[in-house]
Amino acid sequence: MEKINWLRLLVTAFIIISAIACYEYFFIPKNSLELYQEIAFAENYNKAQKIVLEGYESNFNKEDFEYINRNDTSPERISQLTLLEYESKTFVIMTSPGTEKMKVLAVEELPEELSKYFKKMPK
């Protein structure tokens with residue numbers, strides 16, 4: 001009887017862990033292309049707002065959503081950028097959006113003005 005209880009516990013734990021992994025794999029955007037699709041095809045602003053990290057909700061407002069979600073607009077390009085900030089330099093790395101593994105497309109050092117601008121942004 002004790003073996004059956006342990007087996008039930010292990011099966012339940014496996015199902016819960018599998019459900020969490022499937023949710024994260026299938027329902028959370030993993031790159032810029034998926035992020036754009038999540039916003040552009042959201043039914044309303046509240047659904048799009050759910051993908052914003054807690055505490056950063058004010059950085060994505062309703063006007064932004066409405067512009068992205070309009071039928072008469074489409075992006076000219078979807079880029080995926082990463083900023084590496086050091087004490088005196090900031091590098092921007094452009095990677096390939098929507099690919100299985102990220103590939104580096106370009107690396108550029110930002111001018112000091114842009115570096116200061118990004119360093120002032122909330123982290």
# chains A, B, ... in the order shown; residues from 1 in each chain; ligands from 1
call {"tool": "residues_around", "arguments": {"residues": "segment 29-41 of chain A", "least_positions_apart": "5", "cutoff": "7 Å", "atoms": "only C-alpha atoms", "output": "list in words"}}
result
Ala48, Ile68, Asn69, Ile78, Ser79, Gln80, Pro97 and Gly98 of chain A
call {"tool": "select_by_dssp", "arguments": {"residues": "segment 10-78 of chain A", "states": "alpha helix (DSSP H)", "output": "ChimeraX atom specification"}}
result
/A:10-27,32-40,45-49,62-69
call {"tool": "residues_around", "arguments": {"residues": "segment 89-93 of chain A", "least_positions_apart": "6", "cutoff": "9 Å", "atoms": "only C-alpha atoms", "output": "PyMOL selection string"}}
result
chain A and resi 80-83+104-112+114-116+118-119
call {"tool": "residues_around", "arguments": {"residues": "Phe65 of chain A", "least_positions_apart": "5", "cutoff": "10 Å", "atoms": "only C-alpha atoms", "output": "PyMOL selection string"}}
result
chain A and resi 39-40+42+44-46+48-49+60+70
call {"tool": "select_by_dssp", "arguments": {"residues": "segment 10-113 of chain A", "states": "strand (DSSP E or B)", "output": "list in words"}}
result
Gln80, Leu81, Thr82, Leu83, Leu84, Glu85, Thr90, Phe91, Val92, Ile93, Met94, Thr95, Val104, Leu105, Ala106, Val107, Glu108 and Glu109 of chain A
